[in-house]
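> Have a look at this one before I ask anything.
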Amino acid sequence: MSQSARYGIPDSRGFFGAYGGQYVPEAIKARLDELSRALDAALEDTSFQRELESLFVHYTGRPSPVFHCANLSERLGGAQIWLKREDLNHLGAHKINNTLGQCLLARRMGKKRVIAETGAGQHGVATAASAALMGLECTICMGEVDIERQHLNVIRMEMLGARVLPATSGQRTLKEAVDEALALWISDPDMFYVLGSAVGPHPYPYMVRRFQSVIGREARAQMLEELGRLPDVCLACVGGGSNAIGLFAGFLDDADVRLVGVEPGGRGTAYGEHAASLCLGEPGVLHGFHSYMIKDANGEAGCVYSISAGLDYPSVGPEHAQLKDQGRAEYVSVTDQEALEAFFALSRHEGVIPALESSHALAQAMKMAPGMSGDKALLVSLSGRGDKDVAQVAEMLREHKIRQPEV
Amino acid sequence: MHILEEKIRKATAAGRPALIPFLTAGFPDRALFWPTLMELDENGADIIEIGVPFSDPVADGPVVEEASRRALSDGVNLRDILRELVERRGLIKAGVVLMGYLNPFLQYGLENLARDAEKGGVHGLIVPDLPFEESAPLRAALKERGIALIPLVGPNTGTERMLLYAADSQGYAYVVSVMGITGERADLAPQVAATMSRARAAFSLPLALGFGLREPAQLAALPPEARPDAVVFGSALLKHLDNGGSAEEFLARWK
């Protein structure tokens with residue numbers, strides 16, 4: 001994996017500029033230091049790299065293709081929209097790139113068990129599959145409320161051999177699942193914590209970026225192959241920011257390529273109505289790292305909302321915070337409504353049902369395309385497929401909360 | 001000698017471990033919090049740790065986390081805690097330590113925090129999610145006011161890291177008895193003796209042992225050289241209070 005000299009490498013204390021770090025108790029710090037050493041050694045080891053790349057090809061089905069949305073582009077009349085099809089990966093999302101990398105590292109470290117938190121269940125399923133493949137025991141912590149809402153994913157994880165542990169305290173959702181998973185991890189030295197996004201204390205944001213950077217590396221080569229040049233703009237949705245940093249990683253050194261991260265604007269810009277940490281938050285420390293976050297006046301983690309379960313996180317990966325301050329990437333938000341319109345448009349005109357998360361990035365591309373000339377190219381990370389969202393969208397249609405646009 | 005160290009040394013001289021109850025601010029409820037705290041003060045607490053509630057307390061077990069959640073939903077916050085401490089200044093005999101996570105302190109402003117903590121008679125701070133490497137700004141702000149930043153070390157804290165803290169700490173060192181998060185446990189893990197011995201060698205400060213303490217018999221099981229100078233009770237005390245028990249009863253077990 002080639003690395004940019006200027007971007008993507010945190011300092012010795014795990015900071016990307018002012019962001020990141022390790023704001024954790026000593027008990028966790030010791031485990032993170034162990035992980036850092038193992039990660040550095042693995043990344044230096046060509047046999048580790050070869051094994052991961054082989055899994056990417058034979059297990060995940062990489063490289064995922066780029067696809068030109070000719071119909072949609074023509075209807076919008078302007079720049080050409082291209083998709084990086086991470087939805088075609090095994091299990092239907094980019095999450096597997098990261099869980100394979102982390103589980104491979106867990107096995108290399110001699111860990112017997114992995115643990116992960118999951119909200120909607122996507123990261124849990126990817127972790128369960130990766131653990132099954134590597135012969136690791138797997139525990140997935142999931143809030144009791146999410147277990148009810150995402151029953152199918154619970155069944156999937158159990159079929160893949162994982163034990164799904166309900167988090168029963170507090171609001172019984174993702175946050176409590178994280179607490180439960182951390183508690184079990186800290187008390188068991190043979191356990192590896194598989195984190196699902198480019199967040200958390202160092203080395204997690206760096207590690208997740210390294211494993212997800214395959215997206216941008218492939219996409220860059222593929223666009224050169226298809227167009228003979230680089231895209232003008234790269235877009236990706238940003239919750240924690242793992243698919244975005246994976247795509248951006250391939251283009252950070254190409255100063256002419258605009259990088260646009262798209263945050264969930266939810267129902268509007270009022271507090272509690274969105275999860276746009278970079279656009280509307282302020283720097284603070286949450287979950288072990290310093291970044292832009294949504295917080296209340298007392299510094300507590302704030303209320304967040306998004307139509308998309310994968311994007312409603314009150315903070316964001318620290319490298320994105322640095323890229324925002326540097327002006328190397330720009331961050332915008334799109335609303336639930338705009339994301340839904342993109343969701344329907346891609347389904348109807350290209351025959352691809354996108355995840356609601358990815359629909360945010362597509363929505364921004366659809367906003368930008370008409371204002372650009374036809375020889376420009378926008379590359380959108382289609383981070384996941386939308387099968388998981390179909391039931392939710394159908395229910396919203398049934399309850400007349402939304403309307404399917406006429407063709 | 002820092003006043004927190006003095007409090008513990010005095011108990012040692014009297015042949016007993018110093019008692020450090022931990023009480024989440026606003027627990028068991030807003031009205032009962034201060035009377036409960038005063039009851040602890042009158043019944044033998046040498047130092048009282050007041051928990052500042054936080055939405056994501058990564059170092060705490062379910063009991064303290066639930067107390068924190070309840071306090072937050074009752075609107076308890078750092079500003080009120082400090083204001084009420086200023087109002088009660090001079091009434092609390094025990095040493096006062098605030099234990100809380102970094103972000104509310106950052107939000108308050110580290111200089112403001114040090115100033116108002118001093119006004120409120122706070123002698124020390126424990127910030128579990130602030131490792132030594134990132135602690136310089138807070139450490140400096142507190143030092144100027146004579147407030148100790150209490151180090152928190154555990155079984156997997158290397159001796160080198162203990163020495164790092166030891167070189168720049170006051171008051172006492174807080175030793176976590178087992179791997180993991182706070183919460184009472186039936187037996188102190190066998191590794192406690194080893195951790196205590198390493199901490200003893202690294203720190204010249206008195207050692208407080210916490211995370212899992214429920215009854216004096218747990219200490220008696222430790223070899224004499226591994227016994228702490230002070231004991232911290234969190235989860236067990238909160239549970240006891242939540243079940244309608246009194247602070248006086250709880251401390252009576254330890255006297």
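Labeling convention for the structure tokens: chains A, B, ... as they appear, residues from 1 per chain, ligands from 1 in order of appearance.
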Identify all chain B residues at most 7 Å from chain A by counting only C-alpha atoms; ligands do not count. Present them as a PyMOL selection string.
chain B and resi 54-55+58-59+66+77+102-104+107+128-131+153-154+156-157+179-181
> Taking the DSSP assignment computed from this structure's backbone, write out as number ranges by chain all residues of stretch 65-97 of chain B that belong to helix (DSSP H, G or I).
B: 65-73, 78-87
> Keeping only N, CA and C atoms, write the selected residues to a file as a short mmCIF file (atom, residue, chain, number, x, y, z; two decimals), in the first residue's frame.

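The resulting file, again.cif, is shown below:
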data_model
loop_
_atom_site.label_atom_id
_atom_site.label_comp_id
_atom_site.auth_asym_id
_atom_site.auth_seq_id
_atom_site.Cartn_x
_atom_site.Cartn_y
_atom_site.Cartn_z
N GLU B 65 -22.59 4.12 35.71
CA GLU B 65 -23.11 4.66 34.45
C GLU B 65 -24.59 5.02 34.57
N GLU B 66 -25.34 4.13 35.22
CA GLU B 66 -26.77 4.39 35.41
C GLU B 66 -26.97 5.61 36.30
N ALA B 67 -26.15 5.73 37.35
CA ALA B 67 -26.25 6.90 38.23
C ALA B 67 -25.97 8.17 37.44
N SER B 68 -24.98 8.08 36.55
CA SER B 68 -24.59 9.20 35.72
C SER B 68 -25.74 9.60 34.78
N ARG B 69 -26.37 8.57 34.21
CA ARG B 69 -27.46 8.80 33.27
C ARG B 69 -28.65 9.47 33.98
N ARG B 70 -28.94 8.96 35.18
CA ARG B 70 -30.04 9.55 35.96
C ARG B 70 -29.74 11.00 36.29
N ALA B 71 -28.50 11.25 36.71
CA ALA B 71 -28.12 12.61 37.09
C ALA B 71 -28.26 13.56 35.90
N LEU B 72 -27.82 13.08 34.73
CA LEU B 72 -27.92 13.93 33.54
C LEU B 72 -29.37 14.24 33.20
N SER B 73 -30.23 13.23 33.31
CA SER B 73 -31.63 13.49 32.95
C SER B 73 -32.29 14.38 34.00
N LEU B 78 -21.76 20.29 35.67
CA LEU B 78 -20.54 20.75 36.34
C LEU B 78 -20.70 22.15 36.96
N ARG B 79 -21.34 23.04 36.21
CA ARG B 79 -21.50 24.41 36.67
C ARG B 79 -22.23 24.44 38.02
N ASP B 80 -23.36 23.69 38.12
CA ASP B 80 -24.13 23.67 39.36
C ASP B 80 -23.34 23.02 40.49
N ILE B 81 -22.62 21.94 40.16
CA ILE B 81 -21.84 21.25 41.19
C ILE B 81 -20.82 22.22 41.80
N LEU B 82 -20.12 22.95 40.94
CA LEU B 82 -19.10 23.88 41.44
C LEU B 82 -19.74 25.02 42.23
N ARG B 83 -20.87 25.51 41.72
CA ARG B 83 -21.55 26.60 42.42
C ARG B 83 -21.99 26.15 43.83
N GLU B 84 -22.56 24.94 43.90
CA GLU B 84 -23.03 24.44 45.18
C GLU B 84 -21.87 24.13 46.13
N LEU B 85 -20.72 23.76 45.56
CA LEU B 85 -19.54 23.55 46.41
C LEU B 85 -19.06 24.87 46.99
N VAL B 86 -19.11 25.93 46.18
CA VAL B 86 -18.71 27.25 46.68
C VAL B 86 -19.62 27.64 47.85
N GLU B 87 -20.92 27.38 47.70
CA GLU B 87 -21.88 27.72 48.77
C GLU B 87 -21.59 26.95 50.06
#
> Compile the contact shell of stretch 9-13 of chain B as a list in words: residues with an atom at most 8 Å away, counting only C-alpha atoms, same-chain residues fewer than 6 positions apart removed.
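Here the qualifying residues turn out to be Asp46, Pro206 and Asp229 of chain B.
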> Select, from A:Pro231, A:Pro203, A:Gly317, A:Gly143, the residue with the minimum atom-to-atom distance to A:Leu378, counting only C-alpha atoms.
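Result for the nearest residue to A:Leu378: A:Pro231.
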> Just the residues within 6 Å of stretch 267-277 of chain A, please, counting only C-alpha atoms, with nothing from its chain fewer than 5 positions along; format it as a list in words.
Tyr292, Met293, Ile294, Cys303, Val304, Tyr305, Ser306, Asp312 and Ser315 of chain A
> Give the strand (DSSP E or B) residues of stretch 21-55 of chain B, as DSSP finds them on the backbone, and put them as a CSV table (one decimal) with N, CA and C atoms, in the first residue's frame.

chain,number,residue,atom,x,y,z
B,21,PRO,N,-15.3,7.4,49.9
B,21,PRO,CA,-16.5,7.1,49.2
B,21,PRO,C,-16.6,7.9,47.9
B,22,PHE,N,-17.2,7.3,46.9
B,22,PHE,CA,-17.5,8.0,45.6
B,22,PHE,C,-19.0,8.1,45.5
B,23,LEU,N,-19.4,9.4,45.2
B,23,LEU,CA,-20.8,9.6,45.1
B,23,LEU,C,-21.1,10.4,43.8
B,24,THR,N,-21.9,9.9,42.9
B,24,THR,CA,-22.2,10.6,41.7
B,24,THR,C,-23.0,11.9,42.1
B,47,ILE,N,-11.8,11.4,52.5
B,47,ILE,CA,-11.9,12.1,51.2
B,47,ILE,C,-13.2,11.7,50.6
B,48,ILE,N,-13.8,12.6,49.9
B,48,ILE,CA,-15.1,12.3,49.2
B,48,ILE,C,-14.8,12.6,47.7
B,49,GLU,N,-15.0,11.6,46.9
B,49,GLU,CA,-15.0,11.8,45.4
B,49,GLU,C,-16.4,12.0,44.9
B,50,ILE,N,-16.5,13.2,44.2
B,50,ILE,CA,-17.8,13.5,43.6
B,50,ILE,C,-17.7,13.2,42.1
B,51,GLY,N,-18.6,12.4,41.6
B,51,GLY,CA,-18.6,12.0,40.2
B,51,GLY,C,-19.4,13.1,39.4
> One decimal, in Å: what's the spacing between atom CA of A:Ile96 and atom CA of A:Leu174?
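Between atom CA of A:Ile96 and atom CA of A:Leu174 the gap works out to 19.4 Å.
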> In Å, with one decimal, what is the gap from atom CA of A:Leu105 to atom CA of A:Leu323?
27.6 Å
> Would you mind listing what lies within 6 Å of stretch 205-222 of chain A as a list in words, with only C-alpha atoms counted and same-chain residues fewer than 2 positions away left out?
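Skipping anything fewer than 2 positions along the chain leaves Asn97, Asn98, Ala198, Val199, Pro203, Leu224, Glu225, Gly246, Leu247, Ala249 and Gly250 of chain A.
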> Take the residues from that selection and write them out as a CSV table (one decimal), in the first residue's frame, keeping N, CA and C atoms.

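File written: again.csv
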chain,number,residue,atom,x,y,z
A,97,ASN,N,-14.1,-4.6,4.0
A,97,ASN,CA,-12.6,-4.3,3.8
A,97,ASN,C,-11.9,-4.1,5.1
A,98,ASN,N,-12.6,-3.5,6.0
A,98,ASN,CA,-12.0,-3.2,7.3
A,98,ASN,C,-12.1,-4.4,8.3
A,198,ALA,N,-13.8,5.0,11.1
A,198,ALA,CA,-12.5,5.6,11.2
A,198,ALA,C,-12.5,6.6,12.4
A,199,VAL,N,-13.0,6.1,13.6
A,199,VAL,CA,-13.1,6.9,14.8
A,199,VAL,C,-12.4,6.2,15.9
A,203,PRO,N,-4.8,3.5,17.6
A,203,PRO,CA,-4.6,3.6,16.2
A,203,PRO,C,-5.8,3.3,15.3
A,224,LEU,N,-8.5,6.4,-14.3
A,224,LEU,CA,-7.5,6.7,-15.3
A,224,LEU,C,-7.7,5.8,-16.5
A,225,GLU,N,-8.0,4.5,-16.2
A,225,GLU,CA,-8.3,3.6,-17.3
A,225,GLU,C,-9.5,3.9,-18.1
A,246,GLY,N,-11.5,6.3,3.0
A,246,GLY,CA,-11.0,5.3,2.1
A,246,GLY,C,-10.9,5.8,0.6
A,247,LEU,N,-11.9,6.5,0.2
A,247,LEU,CA,-11.9,7.0,-1.2
A,247,LEU,C,-11.0,8.2,-1.3
A,249,ALA,N,-8.3,8.8,0.3
A,249,ALA,CA,-6.9,8.4,0.5
A,249,ALA,C,-6.3,8.3,-0.9
A,250,GLY,N,-7.1,7.8,-1.9
A,250,GLY,CA,-6.5,7.7,-3.2
A,250,GLY,C,-6.2,9.0,-4.0
> Per residue of stretch 16-117 of chain B within 9 Å of stretch 138-145 of chain B, record the nearest atom pair and its distance in Å to one decimal, counting only C-alpha atoms, with rows in chain order and ascending residue number, as a Markdown table.

| residue | atom | partner | partner_atom | distance |
| --- | --- | --- | --- | --- |
| B:Leu110 | CA | B:Leu138 | CA | 6.1 |
| B:Glu111 | CA | B:Ala141 | CA | 5.9 |
| B:Leu113 | CA | B:Leu142 | CA | 8.6 |
| B:Ala114 | CA | B:Leu142 | CA | 5.4 |
| B:Arg115 | CA | B:Arg145 | CA | 7.3 |
| B:Ala117 | CA | B:Arg145 | CA | 8.8 |
> Rank B:Pro228, B:Pro155, B:Gly146, B:Gly171 by their smallest atom-to-atom distance to B:Ile126, using only C-alpha atoms, and report the top residue only.
B:Gly171
> Leaving out A:His90 and any residue of its chain fewer than 4 positions from it, which residues lie within 12 Å of it when counting only C-alpha atoms, given as a ChimeraX atom specification?
/A:55-64,85-86,94-97,99-100,122,125-126,129-130,384-385
> Could you jot down the atom CA of A:Arg403 to atom CA of A:Ala120 separation for me, Å, one decimal place?
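It comes out at 24.0 Å.
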